[in-house]
file upload.txt (compact mmCIF, C-alpha atoms)
# COMPACT_ATOMS: atom_id res chain seq x y z
CA MET A 1 -76.84 40.94 46.82
CA VAL A 2 -75.41 43.90 44.93
CA LEU A 3 -72.54 43.14 42.58
CA GLY A 4 -69.55 45.32 43.37
CA GLU A 5 -70.33 45.55 47.07
CA SER A 6 -67.10 45.62 49.12
CA LYS A 7 -66.39 42.34 50.94
CA ARG A 8 -64.12 41.47 53.82
CA ILE A 9 -61.60 38.94 52.55
CA LEU A 10 -59.21 36.80 54.57
CA ALA A 11 -56.39 35.54 52.31
CA VAL A 12 -54.34 32.70 53.81
CA ALA A 13 -51.12 31.02 52.63
CA SER A 14 -48.00 29.48 54.18
CA SER A 15 -44.72 31.22 53.45
CA GLY A 16 -42.93 30.05 50.30
CA GLY A 17 -44.59 28.89 47.09
CA HIS A 18 -48.12 29.08 48.50
CA TRP A 19 -47.57 32.72 49.50
CA VAL A 20 -46.02 33.67 46.15
CA GLN A 21 -49.11 32.23 44.41
CA LEU A 22 -51.48 34.12 46.73
CA ARG A 23 -49.59 37.36 46.03
CA ARG A 24 -50.27 36.91 42.33
CA LEU A 25 -54.03 37.05 42.99
CA ARG A 26 -54.03 40.59 44.39
CA PRO A 27 -56.00 42.13 41.48
CA ALA A 28 -58.92 39.84 42.44
CA PHE A 29 -59.09 41.62 45.82
CA ALA A 30 -59.07 45.18 44.45
CA GLY A 31 -61.91 47.27 45.89
CA HIS A 32 -62.40 44.81 48.77
CA ASP A 33 -61.15 44.94 52.34
CA VAL A 34 -58.45 42.26 52.56
CA ALA A 35 -56.42 40.90 55.47
CA TYR A 36 -53.55 38.43 55.00
CA VAL A 37 -52.46 35.45 57.08
CA THR A 38 -49.12 33.73 56.55
CA THR A 39 -46.39 31.95 58.52
CA ALA A 40 -43.49 34.45 58.25
CA GLY A 41 -43.55 38.02 59.55
CA ALA A 42 -40.97 39.04 56.94
CA HIS A 43 -43.77 39.16 54.34
CA ARG A 44 -45.48 42.11 56.05
CA PRO A 45 -43.95 44.81 53.76
CA GLU A 46 -45.37 42.98 50.72
CA VAL A 47 -48.99 43.69 51.66
CA GLY A 48 -48.75 47.47 52.01
CA THR A 49 -51.35 48.84 54.38
CA ALA A 50 -53.49 45.68 54.50
CA ARG A 51 -53.99 43.98 57.86
CA PHE A 52 -51.47 41.17 58.36
CA TYR A 53 -51.29 38.20 60.75
CA THR A 54 -48.78 35.42 61.28
CA VAL A 55 -49.61 31.94 62.55
CA ARG A 56 -47.60 28.77 63.21
CA ASP A 57 -46.95 26.63 60.16
CA GLY A 58 -48.56 23.37 61.21
CA ASN A 59 -48.32 20.11 59.34
CA ARG A 60 -49.79 16.69 59.87
CA SER A 61 -46.63 15.21 61.37
CA ASN A 62 -46.64 17.64 64.29
CA LYS A 63 -50.02 17.68 66.01
CA LEU A 64 -49.01 20.33 68.56
CA THR A 65 -48.02 22.99 66.06
CA LEU A 66 -51.09 22.09 64.02
CA LEU A 67 -53.24 22.72 67.08
CA ALA A 68 -51.43 26.00 67.81
CA SER A 69 -51.95 27.04 64.20
CA ALA A 70 -55.66 26.12 64.37
CA LEU A 71 -56.18 28.20 67.52
CA GLN A 72 -54.38 31.20 66.05
CA ILE A 73 -56.46 30.95 62.89
CA GLY A 74 -59.65 30.67 64.94
CA TRP A 75 -58.72 33.87 66.73
CA VAL A 76 -57.99 35.69 63.45
CA LEU A 77 -61.35 34.55 62.02
CA LEU A 78 -63.23 35.82 65.07
CA ARG A 79 -61.41 39.11 64.92
CA GLU A 80 -61.73 39.60 61.16
CA ARG A 81 -65.24 38.18 60.59
CA PRO A 82 -64.52 37.80 56.85
CA ASP A 83 -67.19 37.35 54.17
CA ILE A 84 -64.74 35.31 52.10
CA VAL A 85 -61.81 33.07 53.06
CA ILE A 86 -59.42 32.29 50.23
CA SER A 87 -56.36 30.04 50.42
CA THR A 88 -53.62 28.73 48.15
CA GLY A 89 -52.48 26.26 50.88
CA ALA A 90 -51.14 24.60 52.76
CA ALA A 91 -52.10 23.41 56.29
CA PRO A 92 -52.97 26.86 57.76
CA GLY A 93 -55.14 27.56 54.71
CA TYR A 94 -56.97 24.28 55.11
CA LEU A 95 -57.58 25.04 58.79
CA ALA A 96 -58.88 28.51 57.91
CA ILE A 97 -61.30 26.97 55.41
CA ARG A 98 -62.46 24.36 57.93
CA TRP A 99 -63.21 27.05 60.54
CA ALA A 100 -64.55 29.71 58.15
CA LYS A 101 -68.13 28.37 58.31
CA LEU A 102 -68.23 29.25 62.02
CA VAL A 103 -68.19 32.92 61.07
CA GLY A 104 -70.42 32.38 58.01
CA ALA A 105 -67.73 33.02 55.42
CA ARG A 106 -67.76 31.62 51.91
CA THR A 107 -64.59 29.76 51.02
CA VAL A 108 -62.27 29.23 48.03
CA TRP A 109 -59.43 26.73 47.87
CA ILE A 110 -56.87 27.14 45.09
CA ASP A 111 -54.68 24.07 44.85
CA SER A 112 -51.01 24.84 44.17
CA VAL A 113 -49.84 24.91 40.55
CA ALA A 114 -47.11 22.54 41.78
CA ASN A 115 -49.71 19.76 41.97
CA VAL A 116 -49.52 18.72 38.35
CA GLU A 117 -50.40 15.04 38.67
CA GLU A 118 -52.91 15.01 41.51
CA LEU A 119 -54.61 17.37 43.92
CA SER A 120 -52.76 17.88 47.23
CA LEU A 121 -54.06 16.01 50.27
CA SER A 122 -55.22 19.36 51.74
CA GLY A 123 -56.92 20.09 48.42
CA ARG A 124 -58.73 16.74 48.39
CA LEU A 125 -59.92 17.32 51.96
CA ALA A 126 -60.82 20.93 51.21
CA SER A 127 -62.80 20.01 48.08
CA GLU A 128 -65.46 18.39 50.28
CA ARG A 129 -65.83 21.54 52.41
CA VAL A 130 -65.30 24.61 50.26
CA ASP A 131 -67.77 26.59 48.19
CA LEU A 132 -65.31 26.74 45.30
CA CYS A 133 -62.36 24.39 44.79
CA LEU A 134 -59.99 25.22 41.95
CA THR A 135 -57.14 23.21 40.46
CA GLN A 136 -54.67 25.01 38.22
CA TRP A 137 -54.55 22.05 35.81
CA PRO A 138 -57.40 21.34 33.37
CA HIS A 139 -56.84 17.56 33.50
CA LEU A 140 -57.42 17.54 37.30
CA ALA A 141 -60.85 19.21 37.10
CA ALA A 142 -63.52 16.68 38.07
CA GLY A 143 -66.62 16.62 40.28
CA PRO A 144 -66.42 19.48 42.79
CA VAL A 145 -62.99 20.59 41.49
CA TYR A 146 -63.02 23.23 38.78
CA TYR A 147 -60.37 24.65 36.46
CA LYS A 148 -60.57 28.39 35.72
CA GLY A 149 -56.95 29.12 34.82
CA SER A 150 -53.74 29.39 36.82
CA VAL A 151 -51.63 31.90 38.73
CA LEU A 152 -49.20 31.96 35.78
CA MET B 1 -23.15 35.95 40.67
CA ILE B 2 -24.94 32.61 40.91
CA PHE B 3 -27.61 32.41 43.60
CA VAL B 4 -28.59 28.96 44.82
CA THR B 5 -31.68 28.34 46.95
CA VAL B 6 -33.27 25.15 48.27
CA GLY B 7 -36.15 26.79 50.18
CA THR B 8 -36.60 26.83 53.93
CA GLN B 9 -38.31 23.53 54.70
CA LEU B 10 -35.94 20.73 53.77
CA PRO B 11 -32.26 20.22 52.94
CA PHE B 12 -31.25 19.38 49.40
CA ASP B 13 -27.62 18.29 49.78
CA ARG B 14 -27.47 16.66 46.33
CA LEU B 15 -28.07 20.05 44.68
CA VAL B 16 -25.72 22.01 46.96
CA THR B 17 -22.93 19.40 46.65
CA ALA B 18 -23.23 19.40 42.85
CA VAL B 19 -22.89 23.20 42.72
CA ASP B 20 -20.05 23.16 45.27
CA ARG B 21 -18.11 20.55 43.24
CA TRP B 22 -18.72 22.46 40.04
CA ALA B 23 -17.55 25.72 41.66
CA GLY B 24 -14.32 23.97 42.76
CA HIS B 25 -13.39 23.34 39.13
CA ALA B 26 -15.15 26.11 37.22
CA GLN B 27 -13.04 28.29 34.94
CA PRO B 28 -13.38 31.22 35.10
CA VAL B 29 -14.20 31.24 38.80
CA SER B 30 -17.82 32.21 39.51
CA HIS B 31 -19.04 33.79 42.70
CA VAL B 32 -21.71 31.51 44.15
CA PHE B 33 -23.93 32.21 47.15
CA ALA B 34 -26.10 29.34 48.37
CA GLN B 35 -28.98 29.16 50.82
CA ILE B 36 -28.70 25.51 51.84
CA GLY B 37 -31.53 24.90 54.35
CA PRO B 38 -31.47 22.76 57.50
CA THR B 39 -28.42 20.54 56.87
CA ASP B 40 -25.03 19.61 58.35
CA LEU B 41 -23.43 19.94 54.94
CA ARG B 42 -20.54 22.43 54.86
CA PRO B 43 -19.73 23.46 51.28
CA SER B 44 -16.10 24.42 50.65
CA HIS B 45 -16.02 26.32 47.34
CA ILE B 46 -19.05 28.57 47.69
CA GLU B 47 -20.39 31.15 50.12
CA TRP B 48 -23.37 29.73 52.00
CA ARG B 49 -25.92 30.31 54.72
CA ASP B 50 -28.60 27.90 55.95
CA PHE B 51 -31.43 30.47 55.96
CA ILE B 52 -31.99 33.99 54.72
CA GLU B 53 -35.07 36.15 55.28
CA PRO B 54 -37.49 36.67 52.34
CA PRO B 55 -36.39 40.30 51.67
CA GLU B 56 -32.73 39.23 51.43
CA CYS B 57 -33.74 36.32 49.22
CA GLN B 58 -35.57 38.76 46.92
CA ARG B 59 -32.52 41.07 46.83
CA ARG B 60 -30.12 38.23 46.05
CA MET B 61 -32.43 37.02 43.28
CA ARG B 62 -32.53 40.52 41.78
CA GLU B 63 -28.73 40.76 41.89
CA ALA B 64 -28.05 37.27 40.51
CA ASP B 65 -26.99 36.57 36.93
CA VAL B 66 -28.30 33.01 37.24
CA ILE B 67 -30.54 31.35 39.84
CA VAL B 68 -30.15 27.65 40.67
CA ALA B 69 -32.93 26.09 42.72
CA HIS B 70 -35.02 23.10 43.69
CA ALA B 71 -38.22 22.83 41.61
CA GLY B 72 -40.27 24.77 44.19
CA MET B 73 -42.99 27.06 42.87
CA GLY B 74 -42.04 29.99 45.13
CA THR B 75 -38.56 30.26 43.64
CA ILE B 76 -39.74 29.48 40.11
CA LEU B 77 -42.48 32.15 40.13
CA SER B 78 -40.21 34.74 41.81
CA ALA B 79 -37.45 34.14 39.24
CA LEU B 80 -39.94 34.40 36.35
CA GLU B 81 -41.37 37.62 37.80
CA LEU B 82 -37.82 39.03 37.80
CA GLY B 83 -37.07 37.62 34.34
CA LYS B 84 -33.95 35.83 35.62
CA PRO B 85 -32.22 32.86 33.99
CA LEU B 86 -33.14 29.86 36.12
CA VAL B 87 -31.97 26.26 36.41
CA VAL B 88 -34.05 23.93 38.54
CA MET B 89 -33.26 20.42 39.72
CA PRO B 90 -36.23 18.49 41.15
CA ARG B 91 -36.17 16.97 44.62
CA ARG B 92 -36.76 13.22 44.48
CA ALA B 93 -39.01 11.55 47.03
CA ALA B 94 -37.29 8.31 45.96
CA LEU B 95 -34.09 9.75 47.50
CA GLY B 96 -35.85 11.05 50.62
CA GLU B 97 -35.69 14.67 49.45
CA HIS B 98 -39.44 15.38 49.67
CA ARG B 99 -42.71 13.78 50.68
CA ASN B 100 -43.83 12.99 47.12
CA GLU B 101 -42.62 13.34 43.53
CA HIS B 102 -44.46 16.59 42.73
CA GLN B 103 -41.18 18.41 42.00
CA LEU B 104 -40.38 15.83 39.34
CA ALA B 105 -43.80 16.50 37.76
CA THR B 106 -43.18 20.27 37.96
CA ALA B 107 -39.75 19.80 36.35
CA ARG B 108 -41.19 17.69 33.49
CA TRP B 109 -43.85 20.32 32.86
CA LEU B 110 -41.22 23.12 32.85
CA ALA B 111 -38.93 21.13 30.55
CA GLU B 112 -41.83 20.70 28.10
CA SER B 113 -43.10 24.26 28.22
CA GLY B 114 -39.66 25.93 28.05
CA GLY B 115 -38.61 29.24 29.58
CA VAL B 116 -36.90 27.51 32.51
CA SER B 117 -33.84 25.29 32.29
CA VAL B 118 -34.22 21.86 33.94
CA ALA B 119 -31.47 19.55 35.18
CA PHE B 120 -32.83 16.15 36.16
CA ASP B 121 -29.60 15.10 37.89
CA GLU B 122 -26.25 16.42 39.14
CA ARG B 123 -24.43 15.70 35.88
CA GLU B 124 -26.95 17.70 33.86
CA LEU B 125 -26.71 20.49 36.40
CA ALA B 126 -22.92 20.75 35.99
CA HIS B 127 -23.35 20.87 32.19
CA LYS B 128 -25.93 23.65 32.49
CA LEU B 129 -23.62 25.61 34.78
CA ASP B 130 -20.70 25.23 32.35
CA ALA B 131 -22.91 27.03 29.82
CA ALA B 132 -24.43 29.43 32.35
CA ASP B 133 -24.53 32.30 29.86
CA ARG B 134 -26.86 30.24 27.65
CA ILE B 135 -29.40 29.31 30.32
CA ASP B 136 -33.05 29.97 29.48
CA GLY B 137 -34.62 33.00 31.07
CA GLY B 138 -34.96 36.68 30.68
CA THR B 139 -38.63 36.40 29.71
CA ARG B 140 -40.27 38.28 32.49
CA ILE B 141 -43.82 37.28 33.40
CA SER B 142 -46.42 39.67 34.85
CA GLN B 143 -46.60 39.99 38.62
CA TYR B 144 -50.21 38.85 38.51
CA ALA B 145 -52.26 35.83 37.54
CA GLY B 146 -53.98 35.80 34.13
CA ASP B 147 -57.13 37.87 33.54
CA ASP B 148 -59.44 34.84 33.24
CA PHE B 149 -58.38 33.47 36.60
CA ILE B 150 -58.71 36.88 38.29
CA ARG B 151 -62.14 37.36 36.72
CA ALA B 152 -63.35 33.95 38.00
CA LEU B 153 -62.20 34.81 41.52
CA ARG B 154 -63.78 38.26 41.42
CA ALA B 155 -67.07 36.71 40.31
CA PHE B 156 -66.97 34.35 43.27
CA ILE B 157 -66.02 37.10 45.73
CA GLN B 158 -68.81 39.36 44.55
CA GLY B 159 -71.56 36.96 43.71
CA ASP B 160 -73.52 33.82 44.23
CA PRO B 161 -71.20 30.83 44.70
CA ALA B 162 -73.56 28.42 42.96
CA ARG B 163 -73.41 30.46 39.76
CA VAL B 164 -69.69 31.01 39.66
CA PRO B 165 -68.56 28.06 37.55
CA ARG B 166 -71.06 29.12 34.88
CA LEU B 167 -70.55 32.86 35.41
CA ALA B 168 -66.86 32.60 34.75
CA ALA B 169 -67.06 30.01 32.01

call {"tool": "encode", "arguments": {"input": "upload.txt", "output": "structure tokens"}}
result
Amino acid sequence: MVLGESKRILAVASSGGHWVQLRRLRPAFAGHDVAYVTTAGAHRPEVGTARFYTVRDGNRSNKLTLLASALQIGWVLLRERPDIVISTGAAPGYLAIRWAKLVGARTVWIDSVANVEELSLSGRLASERVDLCLTQWPHLAAGPVYYKGSVL
Amino acid sequence: MIFVTVGTQLPFDRLVTAVDRWAGHAQPVSHVFAQIGPTDLRPSHIEWRDFIEPPECQRRMREADVIVAHAGMGTILSALELGKPLVVMPRRAALGEHRNEHQLATARWLAESGGVSVAFDERELAHKLDAADRIDGGTRISQYAGDDFIRALRAFIQGDPARVPRLAA
């Protein structure tokens, strides 16, 4: 594999704090072909000319919206065929990571900086599935969960 | 202008009520606009709306002299990116305001590290608002994550996943 080769990236985050954290990672995507997935169409102007998708914001207490979200994410994955799926949370990001292997993508989970005392439930579940699981707090790095800095 | 926001997901009546009460007594009178979320609460001394779209939220944050918010990372990071004075009050799961106490942990961390003003309850919030011109803020952070973090992610995106933890160490 040649370093510097352009990859297709799918960057996934729910609207709100997860999205603001994802936005702060943009320099990591420079030179790559990135598409964004979030839960609010109003964020479209923030991504410039990048491809942009919205999905339902599922959570565990509403199985129907979670299923709708999962199907929408599945469709985006099939359409995008990313090399890399990266998410800062929450439920839609976890779903994207779960399904990413179906299209052969490598996956990164970045647990929210808001999780100071413990990894989020999505993060704990994701840590068993992802290729790289990052916490933003050094004291939470253990086993498959690494600390490499934070979005701040 | 004071801009209050509780995010879009959950109400935070304790915060909105505290600001509304304060605004009823404040001298001189301050103009307060609050985004109050999904609630039946009807504040009487401040201008309010339950939801605003992200671009309007960004505009109101830019125009605000002080931002008052729940301890949600979206608002905190956006306020820091704009270099705005910010007071946060954490939602308490113990009071049914969130699913767990992560906002309390965020607030403790912010109180320790400085740069953001933290009110742990309504009384502290009113005190902070009385001294609104002395609220911490104005230190603008970069729009982007730190170089080390970006470098670690770029290494993963470009290279062999198994080597990344060592590559970026």

call {"tool": "interface_residues", "arguments": {"input": "upload.txt", "of": "chain A", "to": "chain B", "cutoff": "9 Å", "atoms": "all atoms listed in the file", "output": "ChimeraX atom specification"}}
result
/A:1-7,9,15-21,23-30,40,42-43,83-84,106,108,112-118,131-132,146-152

call {"tool": "residues_around", "arguments": {"input": "upload.txt", "residues": "B:Gln35", "least_positions_apart": "3", "cutoff": "8 Å", "atoms": "all atoms listed in the file", "output": "PyMOL selection string"}}
result
chain B and resi 4-7+48-52

call {"tool": "atom_distance", "arguments": {"input": "upload.txt", "atom1": "atom CA of B:Glu47", "atom2": "atom CA of B:His127"}}
result
20.9 Å

call {"tool": "atom_distance", "arguments": {"input": "upload.txt", "atom1": "atom CA of B:Ile36", "atom2": "atom CA of B:Val88"}}
result
14.4 Å

call {"tool": "residues_around", "arguments": {"input": "upload.txt", "residues": "B:Met89", "least_positions_apart": "6", "cutoff": "7 Å", "atoms": "all atoms listed in the file", "output": "PyMOL selection string"}}
result
chain B and resi 69-71+118-121

call {"tool": "residues_around", "arguments": {"input": "upload.txt", "residues": "stretch 57-66 of chain A", "least_positions_apart": "3", "cutoff": "12 Å", "atoms": "all atoms listed in the file", "output": "list in words"}}
result
Val12, Ala13, Ser14, Ser15, Gly16, His18, Val37, Thr38, Thr39, Ala40, Gly41, Thr54, Ser69, Ala70, Leu71, Gln72, Ile73, Gly89, Ala90, Ala91, Pro92, Gly93, Tyr94, Leu95, Ala96, Leu121 and Ser122 of chain A; Gln9 and Arg99 of chain B

call {"tool": "atom_distance", "arguments": {"input": "upload.txt", "atom1": "atom CA of B:Gly24", "atom2": "atom CA of B:Ala79"}}
result
25.5 Å

call {"tool": "closest_residue", "arguments": {"input": "upload.txt", "among": "B:Ile46, B:Leu10, B:Ala64, B:Val29", "to": "B:His98", "atoms": "only C-alpha atoms"}}
result
B:Leu10

call {"tool": "closest_residue", "arguments": {"input": "upload.txt", "among": "A:Leu22, A:Ala141, A:Arg124, A:Asp33", "to": "A:Glu80", "atoms": "all atoms listed in the file"}}
result
A:Asp33

call {"tool": "closest_residue", "arguments": {"input": "upload.txt", "among": "A:His139, A:Ala35, A:Phe52, A:Val47", "to": "A:Val85", "atoms": "all atoms listed in the file"}}
result
A:Ala35

call {"tool": "axis_aligned_box", "arguments": {"input": "upload.txt", "around": "stretch 32-48 of chain A", "padding_each_side": "3 Å", "output": "lines of an AutoDock Vina configuration file"}}
result
center_x = -51.7
center_y = 39.7
center_z = 54.2
size_x = 27.4
size_y = 21.5
size_z = 16.8
